[in-house]
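Peer 1: Data: query_38.cif, mmCIF, C-alpha atoms.
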data_work
loop_
_atom_site.group_PDB
_atom_site.id
_atom_site.type_symbol
_atom_site.label_atom_id
_atom_site.label_comp_id
_atom_site.auth_asym_id
_atom_site.auth_seq_id
_atom_site.Cartn_x
_atom_site.Cartn_y
_atom_site.Cartn_z
ATOM 1 C CA MET Y 1 37.191 -10.302 -94.854
ATOM 2 C CA ARG Y 2 39.987 -11.755 -92.760
ATOM 3 C CA LEU Y 3 39.338 -14.026 -89.799
ATOM 4 C CA THR Y 4 41.148 -13.158 -86.590
ATOM 5 C CA PRO Y 5 41.968 -16.068 -84.311
ATOM 6 C CA ASP Y 6 40.711 -16.004 -80.749
ATOM 7 C CA LYS Y 7 43.746 -15.396 -78.538
ATOM 8 C CA HIS Y 8 42.144 -17.170 -75.586
ATOM 9 C CA LEU Y 9 42.094 -20.484 -77.431
ATOM 10 C CA HIS Y 10 45.752 -21.397 -77.508
ATOM 11 C CA SER Y 11 45.809 -25.199 -77.374
ATOM 12 C CA ARG Y 12 43.955 -28.201 -78.754
ATOM 13 C CA GLU Y 13 42.138 -28.680 -75.476
ATOM 14 C CA HIS Y 14 40.971 -25.056 -75.471
ATOM 15 C CA LEU Y 15 39.622 -25.366 -79.019
ATOM 16 C CA LEU Y 16 37.859 -28.619 -78.166
ATOM 17 C CA ALA Y 17 36.332 -27.153 -75.002
ATOM 18 C CA ASP Y 18 35.103 -24.127 -76.943
ATOM 19 C CA ASP Y 19 33.554 -26.324 -79.633
ATOM 20 C CA LEU Y 20 31.844 -28.565 -77.075
ATOM 21 C CA SER Y 21 30.460 -25.707 -75.008
ATOM 22 C CA ARG Y 22 29.039 -24.031 -78.124
ATOM 23 C CA MET Y 23 27.602 -27.292 -79.551
ATOM 24 C CA LEU Y 24 25.828 -28.071 -76.300
ATOM 25 C CA LEU Y 25 24.654 -24.452 -75.846
ATOM 26 C CA GLU Y 26 26.561 -23.904 -72.581
ATOM 27 C CA PRO Y 27 29.198 -21.224 -73.260
ATOM 28 C CA LYS Y 28 29.408 -20.312 -69.562
ATOM 29 C CA ARG Y 29 30.583 -23.825 -68.651
ATOM 30 C CA PHE Y 30 33.776 -23.559 -70.709
ATOM 31 C CA ALA Y 31 35.946 -24.489 -67.687
ATOM 32 C CA ALA Y 32 34.083 -27.762 -67.162
ATOM 33 C CA TYR Y 33 34.508 -28.697 -70.815
ATOM 34 C CA LEU Y 34 38.185 -27.751 -70.652
ATOM 35 C CA GLY Y 35 38.644 -30.142 -67.733
ATOM 36 C CA ILE Y 36 37.125 -33.072 -69.594
ATOM 37 C CA ALA Y 37 39.013 -32.136 -72.782
ATOM 38 C CA LYS Y 38 42.203 -32.872 -70.862
ATOM 39 C CA MET Y 39 40.931 -36.174 -69.438
ATOM 40 C CA TYR Y 40 39.288 -37.846 -72.462
ATOM 41 C CA TYR Y 41 40.218 -38.471 -76.083
ATOM 42 C CA GLU Y 42 39.145 -35.761 -78.541
ATOM 43 C CA SER Y 43 37.528 -38.141 -81.034
ATOM 44 C CA ASP Y 44 35.411 -39.756 -78.316
ATOM 45 C CA LEU Y 45 34.218 -36.387 -77.004
ATOM 46 C CA ARG Y 46 33.331 -35.072 -80.451
ATOM 47 C CA THR Y 47 31.436 -38.280 -81.294
ATOM 48 C CA LEU Y 48 29.505 -38.164 -78.032
ATOM 49 C CA ALA Y 49 28.668 -34.467 -78.483
ATOM 50 C CA ARG Y 50 27.442 -35.123 -82.019
ATOM 51 C CA ARG Y 51 25.203 -37.945 -80.755
ATOM 52 C CA VAL Y 52 23.794 -35.719 -77.998
ATOM 53 C CA VAL Y 53 23.044 -32.868 -80.410
ATOM 54 C CA GLU Y 54 21.336 -35.217 -82.894
ATOM 55 C CA LYS Y 55 19.334 -37.045 -80.205
ATOM 56 C CA GLU Y 56 15.618 -36.514 -80.725
ATOM 57 C CA GLY Y 57 13.339 -35.795 -77.829
ATOM 58 C CA LEU Y 58 16.113 -34.220 -75.759
ATOM 59 C CA ASP Y 59 15.452 -30.696 -74.529
ATOM 60 C CA PRO Y 60 18.289 -28.338 -75.617
ATOM 61 C CA LYS Y 61 18.576 -27.142 -72.009
ATOM 62 C CA ASN Y 62 19.465 -30.656 -70.889
ATOM 63 C CA ARG Y 63 22.114 -31.404 -73.508
ATOM 64 C CA GLY Y 64 25.015 -30.645 -71.179
ATOM 65 C CA ARG Y 65 23.563 -32.714 -68.366
ATOM 66 C CA TYR Y 66 23.033 -35.671 -70.688
ATOM 67 C CA PHE Y 67 26.559 -35.274 -72.096
ATOM 68 C CA PHE Y 68 28.221 -35.304 -68.666
ATOM 69 C CA GLY Y 69 26.090 -38.270 -67.634
ATOM 70 C CA ALA Y 70 27.195 -40.234 -70.704
ATOM 71 C CA LEU Y 71 30.879 -39.465 -70.051
ATOM 72 C CA ARG Y 72 31.084 -42.270 -67.510
ATOM 73 C CA ARG Y 73 31.049 -44.828 -70.305
ATOM 74 C CA LEU Y 74 34.072 -43.320 -72.075
ATOM 75 C CA GLU Y 75 37.632 -44.463 -71.569
ATOM 76 C CA ARG Y 76 39.958 -41.903 -69.998
ATOM 77 C CA LYS Y 77 43.351 -40.930 -71.342
ATOM 78 C CA PRO Y 78 46.268 -42.505 -69.550
ATOM 79 C CA ASN Y 79 48.055 -40.027 -67.338
ATOM 80 C CA GLY Y 80 51.076 -38.536 -69.113
ATOM 81 C CA ARG Y 81 53.472 -38.590 -66.193
ATOM 82 C CA PRO Y 82 54.087 -41.329 -63.661
ATOM 83 C CA LYS Y 83 52.802 -40.879 -60.170
ATOM 84 C CA ALA Y 84 55.374 -39.492 -57.757
ATOM 85 C CA PRO Y 85 56.393 -41.904 -55.002
ATOM 86 C CA ALA Y 86 54.987 -41.104 -51.599
ATOM 87 C CA ARG Y 87 57.403 -39.516 -49.167
ATOM 88 C CA PRO Y 88 57.823 -41.228 -45.808
ATOM 89 C CA LYS Y 89 55.965 -39.578 -42.969
ATOM 90 C CA ARG Y 90 57.936 -37.650 -40.416
ATOM 91 C CA THR Y 91 57.391 -38.790 -36.875
ATOM 92 C CA PRO Y 92 57.573 -35.957 -34.383
ATOM 93 C CA GLN Y 93 60.091 -36.299 -31.590
ATOM 94 C CA ARG Y 94 58.442 -36.960 -28.285
ATOM 95 C CA THR Y 95 59.171 -34.816 -25.272
ATOM 96 C CA ALA Y 96 59.109 -36.015 -21.685
ATOM 97 C CA ASN Y 97 56.731 -33.447 -20.297
ATOM 98 C CA ALA Y 98 55.246 -30.362 -21.867
ATOM 99 C CA LYS Y 99 55.892 -28.286 -18.743
ATOM 100 C CA THR Y 100 59.616 -28.978 -18.692
ATOM 101 C CA THR Y 101 60.340 -28.548 -22.368
ATOM 102 C CA ARG Y 102 60.974 -24.820 -22.201
ATOM 103 C CA TYR Y 103 63.869 -25.261 -19.744
ATOM 104 C CA PRO Y 104 67.185 -26.689 -20.910
ATOM 105 C CA ARG Y 105 67.952 -30.188 -19.721
ATOM 106 C CA THR Y 106 70.448 -30.611 -16.936
ATOM 107 C CA ALA Y 107 72.650 -33.516 -16.046
ATOM 108 C CA SER Y 108 70.743 -36.185 -14.196
ATOM 109 C CA GLY Y 109 70.555 -35.491 -10.493
ATOM 110 C CA ALA Y 110 71.706 -31.868 -10.791
ATOM 111 C CA PRO Y 111 69.333 -29.287 -9.325
ATOM 112 C CA ARG Y 112 67.773 -26.793 -11.678
ATOM 113 C CA ARG Y 113 68.825 -23.174 -11.425
ATOM 114 C CA ARG Y 114 66.154 -20.899 -10.146
ATOM 115 C CA ARG Y 115 65.585 -17.598 -11.741
ATOM 116 C CA GLY Y 116 66.764 -14.861 -9.432
ATOM 117 C CA GLY Y 117 64.979 -11.985 -7.780
ATOM 118 C CA ALA Y 118 63.621 -11.000 -4.409
ATOM 119 C CA ALA Y 119 60.386 -12.801 -5.127
ATOM 120 C CA HIS Y 120 62.204 -16.127 -5.067
ATOM 121 C CA GLY Y 121 63.688 -15.745 -1.618
ATOM 122 C CA ASP Y 122 67.022 -14.234 -2.597
ATOM 123 C CA THR Y 123 67.809 -11.522 -0.102
ATOM 124 C CA VAL Y 124 70.620 -9.053 -0.149
ATOM 125 C CA ALA Y 125 72.478 -8.843 3.174
#
What does this structure look like when you write it as structure tokens?

Peer 2:
Amino acid sequence: MRLTPDKHLHSREHLLADDLSRMLLEPKRFAAYLGIAKMYYESDLRTLARRVVEKEGLDPKNRGRYFFGALRRLERKPNGRPKAPARPKRTPQRTANAKTTRYPRTASGAPRRRRGGAAHGDTVA
């Protein structure tokens, strides 16, 4: 009999998450275990999972809850890439008055052109 590898488990983190979710009897929470597999060291997670599974007096339904509660005491992995520097905020340009912004500015003191038409008092003689 030949074993066929699972094609969905394609990295160390995926294998670890699969192992943890099966050990703690929560196969539907694979995504949660994958998230912590990326944040914590593998040896620490496997040790903690082993301790949770071997703990007496712990209901098998509560293994996952106990495991996630105990995670707070573990040291996280350092982030692989440095944090990107914050970009400076853009300050919006201020306008004089919202009502006049749709018309082009004229030279100071020059009258504004009125839009034509008979409604504006322009008469044809």

Peer 1: To verify the selection step, state as a CSV table (one decimal) with C-alpha atoms, in the coordinates of the input which residues the PyMOL selection byres ((chain Y and resi 61-75) around 12) yields on this input.

Peer 2:
chain,number,residue,atom,x,y,z
Y,20,LEU,CA,31.8,-28.6,-77.1
Y,21,SER,CA,30.5,-25.7,-75.0
Y,22,ARG,CA,29.0,-24.0,-78.1
Y,23,MET,CA,27.6,-27.3,-79.6
Y,24,LEU,CA,25.8,-28.1,-76.3
Y,25,LEU,CA,24.7,-24.5,-75.8
Y,26,GLU,CA,26.6,-23.9,-72.6
Y,27,PRO,CA,29.2,-21.2,-73.3
Y,28,LYS,CA,29.4,-20.3,-69.6
Y,29,ARG,CA,30.6,-23.8,-68.7
Y,30,PHE,CA,33.8,-23.6,-70.7
Y,32,ALA,CA,34.1,-27.8,-67.2
Y,33,TYR,CA,34.5,-28.7,-70.8
Y,35,GLY,CA,38.6,-30.1,-67.7
Y,36,ILE,CA,37.1,-33.1,-69.6
Y,37,ALA,CA,39.0,-32.1,-72.8
Y,39,MET,CA,40.9,-36.2,-69.4
Y,40,TYR,CA,39.3,-37.8,-72.5
Y,41,TYR,CA,40.2,-38.5,-76.1
Y,42,GLU,CA,39.1,-35.8,-78.5
Y,43,SER,CA,37.5,-38.1,-81.0
Y,44,ASP,CA,35.4,-39.8,-78.3
Y,45,LEU,CA,34.2,-36.4,-77.0
Y,46,ARG,CA,33.3,-35.1,-80.5
Y,47,THR,CA,31.4,-38.3,-81.3
Y,48,LEU,CA,29.5,-38.2,-78.0
Y,49,ALA,CA,28.7,-34.5,-78.5
Y,50,ARG,CA,27.4,-35.1,-82.0
Y,51,ARG,CA,25.2,-37.9,-80.8
Y,52,VAL,CA,23.8,-35.7,-78.0
Y,53,VAL,CA,23.0,-32.9,-80.4
Y,54,GLU,CA,21.3,-35.2,-82.9
Y,55,LYS,CA,19.3,-37.0,-80.2
Y,56,GLU,CA,15.6,-36.5,-80.7
Y,57,GLY,CA,13.3,-35.8,-77.8
Y,58,LEU,CA,16.1,-34.2,-75.8
Y,59,ASP,CA,15.5,-30.7,-74.5
Y,60,PRO,CA,18.3,-28.3,-75.6
Y,76,ARG,CA,40.0,-41.9,-70.0
Y,77,LYS,CA,43.4,-40.9,-71.3
Y,78,PRO,CA,46.3,-42.5,-69.6

Peer 1: Please indicate the distance in Å from CA of Ser11 in chain Y to CA of Leu34 in chain Y, rounded to one decimal place.

Peer 2: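 Calculated distance between CA of Ser11 in chain Y and CA of Leu34 in chain Y is 10.5 Å.
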
Peer 1: Please indicate the distance in Å from CA of Lys38 in chain Y to CA of Ala86 in chain Y, rounded to one decimal place.

Peer 2: 24.5 Å

Peer 1: State, in Å with one decimal place, the distance from CA of Asn79 in chain Y to CA of Leu9 in chain Y.

Peer 2: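 It comes out at 22.8 Å.
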